[in-house]
Amino acid sequence: MGYAATTMPDPMNEDALQKELDAFDRDPKQEMGRLPAKHDDAGNVLATPFTAFSPADRRDGSFAVHRDAIRKSFSTVVDGVYVSLEDNIPGKAPIEAGDRPESLVEELKFVDLAAMDKAGLRKAALPARSQPWSDDYWAIYLGCLGKRYADPEFPDSDDWQDNRNYIRKHPAHKIASAGGDAVDLLSPSEKYDLLVGDDADLTAAMWAEGESYYRASGEVESWMGICHGWAPASYMLPRPKKPVTVPAASGTTKLTFYPADIKALASLLWASANTITKFIGGRSNDKDPATDENGRVISAKAFDTNPGTWHLAIVNQLGAAGRSLVIDATYDYEVWNQPVAAYEYRYFNPQTMKLVKTREDATVARDHYTRDRFKKYRSRDAASYVGVIMQVRYMVETDPEQRDGDKPSDDAANRVVYKYDLELNAQDRIIGGEWFTGKCHPDFLWTPPPDARAISPAEPMATGPWDAASALPPSWRHAGATAANRGMPLAKIVEALIRLSEQ
Amino acid sequence: MRRAIRWLAAVVLSVCGCHGAPPRAVAGDPAALRPPCRTDGDDAPLQRSACDKDWSVLVYMMADAPGLGAPALWNLHQMEGQFASPGRSAASTPAADVIVELDVEQPPGIRRLRMLGALSPFAPLRALADYAGPTAWQPRSPVVEAIDEARAEAPPATPGTRLADFLAWGIAHYPARHYAVIVWGHGFGFRPAGAPCCDAGVPRGGIALDVSHAVLDIPALRAALAETSAARLAGRPFDLYLSDACLMQTIEVAAELTGVARYIGGAEAKLDPLGLPYRLLVPLVNGSAPPPPASPRCAAHDAACDLAAALPDLVRTAVSPQSELYAAADAASDARQNLTYSVVDAQLLANRLVPALHALGAALRDYLREPPSQDDRRIAVLDLFTPHRPSAARPFVHAFIGGGRDIGSLLSRLRAQLTASPDGAAHAAPDRAAASLLRAIDAADAALRTTVIAEALGSRYDDPAYAGMLGLSAWLPYQAPDGTAGTASPWGASLRELFDPAPP
């Protein structure tokens with residue numbers, strides 16, 4: 001999953017930023033319609049950042065509709081009431097019920113820029129030990145966790161059927177019976193099935209997922225995968241650090257779970273579990289949302305998170321609480337369910353469109369903001385405006401590899417810059433704002449609550465401990481098979497493998 | 001718990017009568033004494049309160065709440081707007097009165113309007129936003145009573161007493177042979193008595209939330225209808241009760257209203273802000289259009305039943321691409337896609353469906369307890385009833401906002417899971433409890449199909465994931481454990497067994 005890069009200055013380079021502001025000043029609609037550039041950690045512009053969406057989907061905007069298919073499965077609890085996004089008709093809102101930072105963060109500690117500056121929250125980064133780990137999105141057309149990523153003979157075909165046929169021709173049980181190094185090349189789900197025994201067939205569930213799409217339409221689209229599981233797993237579960245070798249259910253075969261295998265199981269667990277999610281935003285399935293004369297989205301079918309909400313959420317969540325969050329930008333096909341690792345921001349004056357050093361220099365009183373392009377959308381309570389440019393560092397997907405260790409330096413991250421202004425009320429509290437980045441900004445932010453644990457419905461069946469020198473105890477095997485037959489691993493097994501990999 | 005027992009008691013005490021025969025005015029019912037208002041050749045018109053029209057449609061329109069001003073005006077404009085056909089009307093006529101108690105944010109105050117037609121040209125809707133703002137269309141129908149809002153809302157008045165007051169006033173001033181009551185506003189369906197409440201935010205079930213967060217909860221809704229029926233109709237139920245609101249068509253709500261309404265209509269999911277199609281509905285009762293055809297689901301000459309059976313189809317027609325109500329096909333595309341509206345026979349619900357669900361609950365408990373596979377069974381059924389991300393390996397019953405599950409869909413999924421499992425009916429020697437559960441499912445399904453006399457579902461529900469949907473929901477918790485699950489009833493006890501089992 002290598003990305004082509006071109007050497008360019010750091011995205012927060014002053015010259016580069018001022019050029020972008022000048023370009024916006026000259027032609028806001030053109031700038032608002034642009035996909036923001038992505039940079040790697042070295043500051044290089046990525047010419048072709050990874051995206052799971054096909055060229056056809058990117059051309060006609062179908063990627064927005066595909067995203068909606070996943071997003072509508074999110075649910076949350078509001079004041080004790082279960083709310084599924086599937087039952088929320090797409091719509092647009094300023095900061096209100098679906099667009100409140102309190103919906104995501106546990107505590108909204110910082111609500112004004114002065115307090116944020118004073119607390120040193122103009123930038124924040126998760127320490128390396130807490131950095132969300134990169135992983136594959138385990139594409140369904142490749143078999144999801146059924147993909148034998150380490151097998152050089154695995155077709156890796158764009159056609160699901162080719163991949164499926166290969167597995168059928170080289171069934172896992174025969175490889176396991178033969179023993180030897182070939183067992184290592186099995187897929188994460190095949191290893192899980194051998195670990196659990198008892199007719200566990202997680203692998204069948206993996207291939208069944210693709211088969212249902214294949215039978216319906218003759219293909220499995222490239223975007224279908226479990227990035228919505230990887231993203232929360234990457235910071236809700238510790239990083240698997242070392243390979244773990246445990247006995248299979250047979251008692252004779254030794255199974256080695258590499259960090260990539262354990263991450264895969266963790267991602268699948270979080271993709272499948274019934275966890276209530278905290279989120280900001282709604283559904284957007286408008287392929288080509290209407291925009292105004294400045295390029296601002298005005299489609300009623302495209303829910304748009306307010307930059308005030310964005311700023312409050314990321315500063316309070318990542319900066320103050322030290323927790324990651326997952327960002328999704330509906331109209332940026334390169335940003336989909338990415339866990340965030342760091343941010344930093346600086347100011348610009350939205351009246352002069354010049355970079356400035358201080359918040360005071362960036363603040364424009366309402367009456368003086370004569371060049372406000374978004375005047376008709378402003379809150380009545382806005383007393384002043386401040387321009388903000390924020391760089392966000394977010395983790396991206398990597399190809400799985402069988403390594404003897406997994407460290408933060410094995411992860412991959414991209415950086416992107418967003419521009420917006422913030423509306424402040426008479427008490428300088430952030431109450432809203434307008435994007436200067438156009439439609440390709442984060443519009444759906446989410447995270448599991450800090451104490452959430454992804455579990456399968458079979459967890460209560462697994463009782464007692466597991467001594468990893470022995471095969472799984474019978475209750476764990478029965479529970480593991482019950483979970484597998486529902487297309488997910490047993491959480492206790494995943495958590496145990498992670499613990500073992502940390503030792 | 002108390003509320004759940006209350007609704008169970010309501011079921012037990014529900015009016016027993018001969019299904020299918022519309023109730024006649026009995027001795028003591030003022031309707032037995034009043035002549036019809038329309039009498040051919042009558043030169044001396046009667047005072048309105050001294051005669052009966054065929055129908056009075058009483059609309060309690062709580063639009064003093066976020067986002068409801070424009071939808072209210074749109075619905076009222078449907079009633080007042082002129083038709084191309086002379087004589088056609090969606091408002092009051094010699095045969096019927098349409099009375100709206102309107103509470104909107106601006107202008108302040110509560111107005112009771114007797115809706116008249118042909119007061120303004122009618123233009124198909126482009127967008128609800130056209131009815132927002134200070135220059136938006138305003139109703140011109142006469143205000144037959146103006147009410148000081150502050151006084152009306154001050155204690156000891158409650159949302160329930162306000163509704164009762166409107167209904168009593170409506171019956172006294174506009175008596176009729178048939179009554180349709182429509183409660184219009186934000187709806188939140190049913191929440192169990194033990195569920196945590198909140199003071200600001202989503203209220204605890206109910207309908208007609210106003211800007212002060214006062215809400216008409218389900219017992220208060222029933223009380224308003226029951227007290228008015230007892231005081232004004234000698235206990236005769238209202239012919240039709242309709243919710244023009246979200247999430248109200250649940251068995252818990254409908255069971256609470258048995259005995260006070262004959263037919264109960266509503267949406268089990270979110271109802272589009274476009275609301276009910278008054279422009280199509282009212283002509284069917286006010287004599288300006290042919291009445292709805294006799295429904296095979298109804299007894300002969302049961303006008304209320306025929307109207308009830310026709311209503312869901314009207315709702316679907318109203319949002320079809322060819323609808324005369326909307327200027328373009330996409331104006332109602334969301335409504336078309338997400339529509340759920342059904343009407344149930346309240347008596348059949350009480351006498352057949354509720355008992356069938358209790359029997360199902362008892363059979364389910366037996367099934368869950370039968371050795372040796374108790375754990376596996378509980379996990380399987382719980383997983384089926386708990387919403388999660390869809391996958392080929394893991395079907396589940398969709399949960400609407402608040403936790404309602406369509407009963408038809410639930411029965412269909414449960415049956416499919418049971419027949420696919422090793423101990424289901426497909427097995428050569430079917431397990432006793434499984435076979436019994438399958439029979440209970442079938443009986444409940446038959447009762448459901450009898451109880452729901454008509455339904456309309458949007459295109460979204462064509463997906464096989466929603467197979468079996470019929471437009472009536474039952475509340476279940478959204479995850480385990482949930483201490484609010486369950487009551488002493490067999491159905492409630494089965495929910496407790498699933499979602500909050502006693503520790504071993």
# chains A, B, ... in the order shown; residues from 1 in each chain; ligands from 1

$ select_by_dssp --residues "range 218-447 of chain B" --states "strand (DSSP E)" --output "PyMOL selection string"
chain B and resi 238-244+261-266+340-345+404-406

$ write_last_selection --atoms "C-alpha atoms" --output "PDB file, in the first residue's frame"
ATOM      1  CA  PHE B 238     -63.891   7.574  19.327  1.00  0.00           C
ATOM      2  CA  ASP B 239     -64.130   6.113  15.847  1.00  0.00           C
ATOM      3  CA  LEU B 240     -60.618   6.952  14.833  1.00  0.00           C
ATOM      4  CA  TYR B 241     -57.537   8.037  16.737  1.00  0.00           C
ATOM      5  CA  LEU B 242     -54.592   9.057  14.580  1.00  0.00           C
ATOM      6  CA  SER B 243     -51.130  10.197  15.577  1.00  0.00           C
ATOM      7  CA  ASP B 244     -49.664  12.679  13.137  1.00  0.00           C
ATOM      8  CA  ALA B 261     -60.726   4.424  20.132  1.00  0.00           C
ATOM      9  CA  ARG B 262     -61.937   1.865  17.628  1.00  0.00           C
ATOM     10  CA  TYR B 263     -59.168   2.276  15.093  1.00  0.00           C
ATOM     11  CA  ILE B 264     -55.720   3.558  15.876  1.00  0.00           C
ATOM     12  CA  GLY B 265     -53.374   4.877  13.219  1.00  0.00           C
ATOM     13  CA  GLY B 266     -49.796   6.007  13.401  1.00  0.00           C
ATOM     14  CA  THR B 340     -44.374   3.676   7.788  1.00  0.00           C
ATOM     15  CA  TYR B 341     -48.065   4.105   8.551  1.00  0.00           C
ATOM     16  CA  SER B 342     -50.567   1.540   9.719  1.00  0.00           C
ATOM     17  CA  VAL B 343     -54.021   1.335  11.240  1.00  0.00           C
ATOM     18  CA  VAL B 344     -55.025  -1.307  13.777  1.00  0.00           C
ATOM     19  CA  ASP B 345     -58.357  -2.526  15.032  1.00  0.00           C
ATOM     20  CA  GLY B 404     -39.365  -0.340  18.897  1.00  0.00           C
ATOM     21  CA  ARG B 405     -39.129  -3.467  16.737  1.00  0.00           C
ATOM     22  CA  ASP B 406     -41.690  -4.160  14.057  1.00  0.00           C
TER      23      ASP B 406
END

$ select_by_dssp --residues "range 137-365 of chain A" --states "helix (DSSP H, G or I)" --output "tab-separated table (two decimals) with N, CA and C atoms, in the first residue's frame"
chain	number	residue	atom	x	y	z
A	140	ILE	N	-13.22	-7.00	1.84
A	140	ILE	CA	-14.07	-8.18	1.70
A	140	ILE	C	-13.79	-8.90	0.39
A	141	TYR	N	-13.43	-8.16	-0.64
A	141	TYR	CA	-13.19	-8.85	-1.92
A	141	TYR	C	-11.96	-9.76	-1.83
A	142	LEU	N	-11.12	-9.52	-0.85
A	142	LEU	CA	-9.95	-10.38	-0.64
A	142	LEU	C	-10.22	-11.45	0.42
A	144	CYS	N	-11.66	-10.64	3.52
A	144	CYS	CA	-11.64	-10.05	4.86
A	144	CYS	C	-10.54	-10.75	5.67
A	145	LEU	N	-10.85	-11.28	6.84
A	145	LEU	CA	-9.80	-11.96	7.60
A	145	LEU	C	-9.48	-13.34	7.02
A	146	GLY	N	-10.17	-13.72	5.97
A	146	GLY	CA	-9.83	-14.95	5.27
A	146	GLY	C	-8.65	-14.80	4.31
A	160	TRP	N	-13.34	-11.38	-6.40
A	160	TRP	CA	-13.55	-12.16	-5.17
A	160	TRP	C	-13.51	-13.65	-5.45
A	161	GLN	N	-14.12	-14.06	-6.55
A	161	GLN	CA	-14.23	-15.49	-6.84
A	161	GLN	C	-12.87	-16.13	-7.00
A	162	ASP	N	-11.93	-15.45	-7.64
A	162	ASP	CA	-10.57	-16.00	-7.79
A	162	ASP	C	-9.96	-16.27	-6.42
A	163	ASN	N	-10.11	-15.32	-5.54
A	163	ASN	CA	-9.54	-15.47	-4.21
A	163	ASN	C	-10.22	-16.62	-3.46
A	164	ARG	N	-11.51	-16.69	-3.60
A	164	ARG	CA	-12.27	-17.75	-2.94
A	164	ARG	C	-11.88	-19.12	-3.46
A	165	ASN	N	-11.72	-19.21	-4.77
A	165	ASN	CA	-11.36	-20.49	-5.38
A	165	ASN	C	-10.00	-20.98	-4.88
A	166	TYR	N	-9.11	-20.05	-4.69
A	166	TYR	CA	-7.77	-20.45	-4.21
A	166	TYR	C	-7.87	-21.10	-2.83
A	167	ILE	N	-8.65	-20.49	-1.98
A	167	ILE	CA	-8.80	-21.03	-0.63
A	167	ILE	C	-9.47	-22.39	-0.68
A	168	ARG	N	-10.48	-22.51	-1.53
A	168	ARG	CA	-11.18	-23.81	-1.65
A	168	ARG	C	-10.20	-24.89	-2.13
A	169	LYS	N	-9.32	-24.49	-3.01
A	169	LYS	CA	-8.39	-25.45	-3.58
A	169	LYS	C	-7.30	-25.85	-2.57
A	172	ALA	N	-7.68	-25.00	4.61
A	172	ALA	CA	-6.84	-24.81	5.79
A	172	ALA	C	-6.64	-26.09	6.56
A	173	HIS	N	-7.66	-26.94	6.64
A	173	HIS	CA	-7.51	-28.13	7.48
A	173	HIS	C	-6.45	-29.06	6.92
A	174	LYS	N	-6.28	-29.08	5.62
A	174	LYS	CA	-5.25	-29.95	5.02
A	174	LYS	C	-3.86	-29.38	5.31
A	175	ILE	N	-3.77	-28.07	5.24
A	175	ILE	CA	-2.48	-27.44	5.53
A	175	ILE	C	-2.12	-27.67	6.99
A	176	ALA	N	-3.12	-27.56	7.86
A	176	ALA	CA	-2.87	-27.76	9.28
A	176	ALA	C	-2.45	-29.21	9.54
A	177	SER	N	-3.10	-30.14	8.87
A	177	SER	CA	-2.77	-31.56	9.08
A	177	SER	C	-1.35	-31.84	8.64
A	178	ALA	N	-0.95	-31.21	7.55
A	178	ALA	CA	0.41	-31.44	7.06
A	178	ALA	C	1.44	-30.81	7.97
A	181	ASP	N	5.84	-25.19	8.22
A	181	ASP	CA	5.82	-23.73	8.09
A	181	ASP	C	4.58	-23.22	7.38
A	182	ALA	N	3.94	-24.08	6.60
A	182	ALA	CA	2.77	-23.61	5.82
A	182	ALA	C	1.65	-23.14	6.73
A	183	VAL	N	1.62	-23.65	7.96
A	183	VAL	CA	0.56	-23.22	8.88
A	183	VAL	C	0.67	-21.73	9.16
A	184	ASP	N	1.89	-21.26	9.18
A	184	ASP	CA	2.12	-19.83	9.43
A	184	ASP	C	1.48	-18.95	8.38
A	185	LEU	N	1.34	-19.51	7.16
A	185	LEU	CA	0.85	-18.69	6.06
A	185	LEU	C	-0.67	-18.59	6.02
A	188	PRO	N	-5.65	-14.90	9.26
A	188	PRO	CA	-6.01	-14.70	10.66
A	188	PRO	C	-7.25	-15.51	11.07
A	189	SER	N	-8.24	-15.57	10.22
A	189	SER	CA	-9.46	-16.30	10.62
A	189	SER	C	-9.22	-17.80	10.63
A	190	GLU	N	-8.37	-18.29	9.74
A	190	GLU	CA	-8.07	-19.73	9.73
A	190	GLU	C	-7.30	-20.11	10.98
A	191	LYS	N	-6.41	-19.25	11.40
A	191	LYS	CA	-5.68	-19.53	12.64
A	191	LYS	C	-6.64	-19.53	13.83
A	192	TYR	N	-7.55	-18.58	13.80
A	192	TYR	CA	-8.54	-18.52	14.89
A	192	TYR	C	-9.34	-19.82	14.94
A	193	ASP	N	-9.78	-20.29	13.79
A	193	ASP	CA	-10.59	-21.51	13.72
A	193	ASP	C	-9.80	-22.71	14.25
A	194	LEU	N	-8.53	-22.77	13.93
A	194	LEU	CA	-7.70	-23.87	14.43
A	194	LEU	C	-7.50	-23.75	15.93
A	195	LEU	N	-7.38	-22.54	16.40
A	195	LEU	CA	-7.21	-22.31	17.84
A	195	LEU	C	-8.45	-22.78	18.61
A	196	VAL	N	-9.60	-22.45	18.06
A	196	VAL	CA	-10.85	-22.72	18.77
A	196	VAL	C	-11.33	-24.13	18.55
A	202	LEU	N	-15.04	-19.22	11.58
A	202	LEU	CA	-14.97	-17.78	11.34
A	202	LEU	C	-14.64	-17.52	9.87
A	203	THR	N	-13.81	-18.40	9.33
A	203	THR	CA	-13.40	-18.22	7.94
A	203	THR	C	-14.59	-18.32	6.99
A	204	ALA	N	-15.49	-19.25	7.27
A	204	ALA	CA	-16.67	-19.37	6.41
A	204	ALA	C	-17.48	-18.09	6.45
A	205	ALA	N	-17.59	-17.51	7.64
A	205	ALA	CA	-18.33	-16.25	7.76
A	205	ALA	C	-17.65	-15.14	6.96
A	206	MET	N	-16.32	-15.15	6.94
A	206	MET	CA	-15.60	-14.12	6.18
A	206	MET	C	-15.91	-14.22	4.69
A	207	TRP	N	-15.88	-15.44	4.19
A	207	TRP	CA	-16.14	-15.60	2.75
A	207	TRP	C	-17.62	-15.45	2.42
A	208	ALA	N	-18.48	-15.79	3.40
A	208	ALA	CA	-19.93	-15.63	3.17
A	208	ALA	C	-20.29	-14.16	2.98
A	209	GLU	N	-19.57	-13.31	3.67
A	209	GLU	CA	-19.83	-11.88	3.55
A	209	GLU	C	-19.67	-11.43	2.10
A	210	GLY	N	-18.56	-11.83	1.51
A	210	GLY	CA	-18.33	-11.45	0.12
A	210	GLY	C	-19.27	-12.17	-0.83
A	211	GLU	N	-19.58	-13.41	-0.50
A	211	GLU	CA	-20.41	-14.19	-1.42
A	211	GLU	C	-21.78	-13.54	-1.60
A	212	SER	N	-22.31	-13.00	-0.52
A	212	SER	CA	-23.65	-12.40	-0.63
A	212	SER	C	-23.63	-11.24	-1.63
A	213	TYR	N	-22.57	-10.45	-1.62
A	213	TYR	CA	-22.49	-9.35	-2.58
A	213	TYR	C	-22.20	-9.88	-3.98
A	214	TYR	N	-21.32	-10.87	-4.04
A	214	TYR	CA	-20.92	-11.41	-5.34
A	214	TYR	C	-22.11	-12.01	-6.07
A	215	ARG	N	-22.93	-12.76	-5.31
A	215	ARG	CA	-24.10	-13.39	-5.95
A	215	ARG	C	-25.09	-12.31	-6.40
A	216	ALA	N	-25.19	-11.24	-5.63
A	216	ALA	CA	-26.19	-10.20	-5.95
A	216	ALA	C	-25.77	-9.36	-7.15
A	217	SER	N	-24.45	-9.07	-7.27
A	217	SER	CA	-24.08	-8.10	-8.31
A	217	SER	C	-22.89	-8.53	-9.16
A	227	CYS	N	-12.81	-0.99	8.00
A	227	CYS	CA	-12.09	0.17	8.54
A	227	CYS	C	-12.83	0.76	9.73
A	228	HIS	N	-14.15	0.54	9.78
A	228	HIS	CA	-14.92	1.04	10.92
A	228	HIS	C	-14.66	0.22	12.18
A	229	GLY	N	-14.00	-0.90	12.03
A	229	GLY	CA	-13.57	-1.71	13.17
A	229	GLY	C	-12.13	-1.40	13.53
A	230	TRP	N	-11.30	-1.27	12.51
A	230	TRP	CA	-9.87	-0.95	12.76
A	230	TRP	C	-9.73	0.36	13.52
A	231	ALA	N	-10.47	1.38	13.09
A	231	ALA	CA	-10.26	2.71	13.66
A	231	ALA	C	-10.46	2.71	15.18
A	232	PRO	N	-11.58	2.23	15.71
A	232	PRO	CA	-11.70	2.25	17.18
A	232	PRO	C	-10.79	1.24	17.86
A	233	ALA	N	-10.59	0.07	17.23
A	233	ALA	CA	-9.72	-0.94	17.85
A	233	ALA	C	-8.31	-0.38	18.04
A	234	SER	N	-7.87	0.46	17.11
A	234	SER	CA	-6.49	0.93	17.11
A	234	SER	C	-6.13	1.72	18.36
A	235	TYR	N	-7.13	2.26	19.05
A	235	TYR	CA	-6.78	2.95	20.30
A	235	TYR	C	-7.56	2.44	21.50
A	236	MET	N	-8.57	1.61	21.26
A	236	MET	CA	-9.28	1.03	22.39
A	236	MET	C	-8.61	-0.25	22.88
A	259	PRO	N	1.62	-10.06	15.15
A	259	PRO	CA	0.86	-8.86	15.48
A	259	PRO	C	-0.19	-8.52	14.43
A	260	ALA	N	0.11	-8.75	13.15
A	260	ALA	CA	-0.87	-8.46	12.11
A	260	ALA	C	-2.11	-9.33	12.25
A	261	ASP	N	-1.93	-10.59	12.66
A	261	ASP	CA	-3.08	-11.48	12.85
A	261	ASP	C	-3.93	-11.01	14.03
A	262	ILE	N	-3.25	-10.60	15.10
A	262	ILE	CA	-3.98	-10.18	16.29
A	262	ILE	C	-4.71	-8.87	16.02
A	263	LYS	N	-4.04	-7.96	15.31
A	263	LYS	CA	-4.70	-6.70	14.95
A	263	LYS	C	-5.94	-6.99	14.11
A	264	ALA	N	-5.82	-7.94	13.19
A	264	ALA	CA	-6.96	-8.27	12.33
A	264	ALA	C	-8.15	-8.72	13.17
A	265	LEU	N	-7.87	-9.61	14.12
A	265	LEU	CA	-8.95	-10.10	14.98
A	265	LEU	C	-9.54	-8.96	15.81
A	266	ALA	N	-8.67	-8.08	16.30
A	266	ALA	CA	-9.16	-6.94	17.08
A	266	ALA	C	-10.03	-6.03	16.23
A	267	SER	N	-9.62	-5.79	14.99
A	267	SER	CA	-10.40	-4.93	14.10
A	267	SER	C	-11.75	-5.56	13.80
A	268	LEU	N	-11.76	-6.87	13.58
A	268	LEU	CA	-13.03	-7.54	13.29
A	268	LEU	C	-13.95	-7.51	14.50
A	269	LEU	N	-13.37	-7.69	15.68
A	269	LEU	CA	-14.16	-7.63	16.90
A	269	LEU	C	-14.88	-6.29	17.02
A	270	TRP	N	-14.14	-5.24	16.81
A	270	TRP	CA	-14.74	-3.91	16.96
A	270	TRP	C	-15.68	-3.58	15.81
A	271	ALA	N	-15.46	-4.18	14.66
A	271	ALA	CA	-16.37	-3.94	13.53
A	271	ALA	C	-17.72	-4.61	13.75
A	272	SER	N	-17.72	-5.70	14.53
A	272	SER	CA	-18.92	-6.51	14.66
A	272	SER	C	-19.68	-6.31	15.96
A	307	PRO	N	-17.58	23.96	12.02
A	307	PRO	CA	-16.18	24.02	12.46
A	307	PRO	C	-16.03	24.37	13.93
A	308	GLY	N	-17.01	25.08	14.49
A	308	GLY	CA	-16.95	25.31	15.93
A	308	GLY	C	-17.02	24.01	16.69
A	309	THR	N	-17.93	23.16	16.30
A	309	THR	CA	-18.03	21.83	16.90
A	309	THR	C	-16.74	21.04	16.69
A	310	TRP	N	-16.23	21.07	15.48
A	310	TRP	CA	-14.98	20.38	15.17
A	310	TRP	C	-13.86	20.83	16.11
A	311	HIS	N	-13.69	22.13	16.22
A	311	HIS	CA	-12.58	22.66	17.02
A	311	HIS	C	-12.74	22.27	18.49
A	312	LEU	N	-13.94	22.45	19.01
A	312	LEU	CA	-14.19	22.08	20.41
A	312	LEU	C	-13.96	20.59	20.64
A	313	ALA	N	-14.41	19.79	19.67
A	313	ALA	CA	-14.30	18.34	19.84
A	313	ALA	C	-12.84	17.90	19.85
A	314	ILE	N	-12.06	18.33	18.88
A	314	ILE	CA	-10.71	17.78	18.78
A	314	ILE	C	-9.83	18.31	19.90
A	315	VAL	N	-10.01	19.56	20.27
A	315	VAL	CA	-9.17	20.11	21.33
A	315	VAL	C	-9.52	19.44	22.67
A	316	ASN	N	-10.79	19.28	22.94
A	316	ASN	CA	-11.17	18.68	24.21
A	316	ASN	C	-10.90	17.18	24.27
A	317	GLN	N	-11.07	16.51	23.13
A	317	GLN	CA	-10.90	15.07	23.13
A	317	GLN	C	-9.43	14.69	23.11
A	318	LEU	N	-8.73	15.19	22.10
A	318	LEU	CA	-7.34	14.79	21.94
A	318	LEU	C	-6.43	15.63	22.82
A	319	GLY	N	-6.70	16.94	22.82
A	319	GLY	CA	-5.82	17.82	23.58
A	319	GLY	C	-6.00	17.68	25.08
A	320	ALA	N	-7.23	17.85	25.53
A	320	ALA	CA	-7.47	17.86	26.98
A	320	ALA	C	-7.57	16.46	27.56
A	359	ARG	N	-3.86	35.32	18.72
A	359	ARG	CA	-5.31	35.23	18.63
A	359	ARG	C	-5.92	36.63	18.52
A	360	GLU	N	-5.34	37.56	19.24
A	360	GLU	CA	-5.88	38.92	19.20
A	360	GLU	C	-5.81	39.50	17.80
A	361	ASP	N	-4.70	39.25	17.12
A	361	ASP	CA	-4.55	39.77	15.76
A	361	ASP	C	-5.47	39.04	14.78
A	362	ALA	N	-5.89	37.87	15.17
A	362	ALA	CA	-6.76	37.10	14.28
A	362	ALA	C	-8.24	37.44	14.48

$ interface_residues --of "chain B" --to "chain A" --cutoff "6 Å" --atoms "only C-alpha atoms" --output "number ranges by chain"
B: 388-389, 392-394, 401-403

$ closest_residue --among "B:Leu360, B:Pro219, B:Ala230, B:Gly205" --to "Ser489 in chain B" --atoms "only C-alpha atoms"
B:Leu360

$ closest_residue --among "A:Leu113, A:Lys118, A:Ala471, A:Asp159" --to "Glu219 in chain A" --atoms "only C-alpha atoms"
A:Asp159

$ residues_around --residues "range 434-448 of chain B" --least-positions-apart "6" --cutoff "9 Å" --atoms "only C-alpha atoms" --output "list in words"
Leu348, Leu349, Arg352, Leu353, Val354, Pro355, Ala356, Leu357, Ala359, Leu360, Gly361, Ala362, Ala363, Leu364, Asp366, Tyr367, Ile407, Gly408, Leu411, Ser412, Leu414, Arg415, Leu418, Thr419, Asp423, Gly424, Ala425, Leu470 and Leu472 of chain B

$ write_last_selection --atoms "C-alpha atoms" --output "short mmCIF file (atom, residue, chain, number, x, y, z; two decimals), in the first residue's frame"
data_model
loop_
_atom_site.label_atom_id
_atom_site.label_comp_id
_atom_site.auth_asym_id
_atom_site.auth_seq_id
_atom_site.Cartn_x
_atom_site.Cartn_y
_atom_site.Cartn_z
CA LEU B 348 -58.74 -7.18 17.83
CA LEU B 349 -55.48 -5.89 19.25
CA ARG B 352 -56.26 -11.40 19.91
CA LEU B 353 -52.86 -9.85 19.44
CA VAL B 354 -52.00 -9.03 23.03
CA PRO B 355 -52.95 -12.51 24.26
CA ALA B 356 -51.04 -14.06 21.36
CA LEU B 357 -47.91 -12.12 22.29
CA ALA B 359 -48.54 -16.78 24.72
CA LEU B 360 -45.48 -16.21 22.58
CA GLY B 361 -43.64 -14.85 25.59
CA ALA B 362 -44.50 -17.93 27.62
CA ALA B 363 -43.40 -20.24 24.79
CA LEU B 364 -40.20 -18.28 24.39
CA ASP B 366 -39.97 -22.37 27.89
CA TYR B 367 -37.71 -22.55 24.87
CA ILE B 407 -43.63 -7.13 15.38
CA GLY B 408 -44.06 -8.75 11.96
CA LEU B 411 -41.78 -12.87 14.22
CA SER B 412 -40.39 -13.46 10.75
CA LEU B 414 -37.47 -15.52 14.96
CA ARG B 415 -39.20 -18.10 12.84
CA LEU B 418 -35.72 -21.36 14.69
CA THR B 419 -36.30 -23.28 11.50
CA ASP B 423 -33.67 -28.03 17.04
CA GLY B 424 -36.14 -26.29 14.76
CA ALA B 425 -39.08 -27.74 12.95
CA LEU B 470 -46.48 -4.69 9.04
CA LEU B 472 -46.78 -2.04 14.31
#

$ residues_around --residues "range 22-36 of chain A" --least-positions-apart "5" --cutoff "6 Å" --atoms "only C-alpha atoms" --output "list in words"
Asn294, Gly295, Thr437 and Gly438 of chain A

$ closest_residue --among "B:Ala154, B:Ala172, B:Met61, B:Ala350" --to "Glu252 in chain B" --atoms "only C-alpha atoms"
B:Ala350

$ atom_distance --atom1 "CA of Val356 in chain A" --atom2 "CA of Asp372 in chain A"
18.0 Å

$ residues_around --residues "Ala342 in chain A" --least-positions-apart "2" --cutoff "8 Å" --atoms "only C-alpha atoms" --output "JSON, numbers by chain"
{"A": [123, 124, 125, 126, 318, 340, 344, 392, 393, 394]}

$ closest_residue --among "B:Gln47, B:Gln138, B:Thr450, B:Gln479" --to "Asn351 in chain B" --atoms "only C-alpha atoms"
B:Thr450
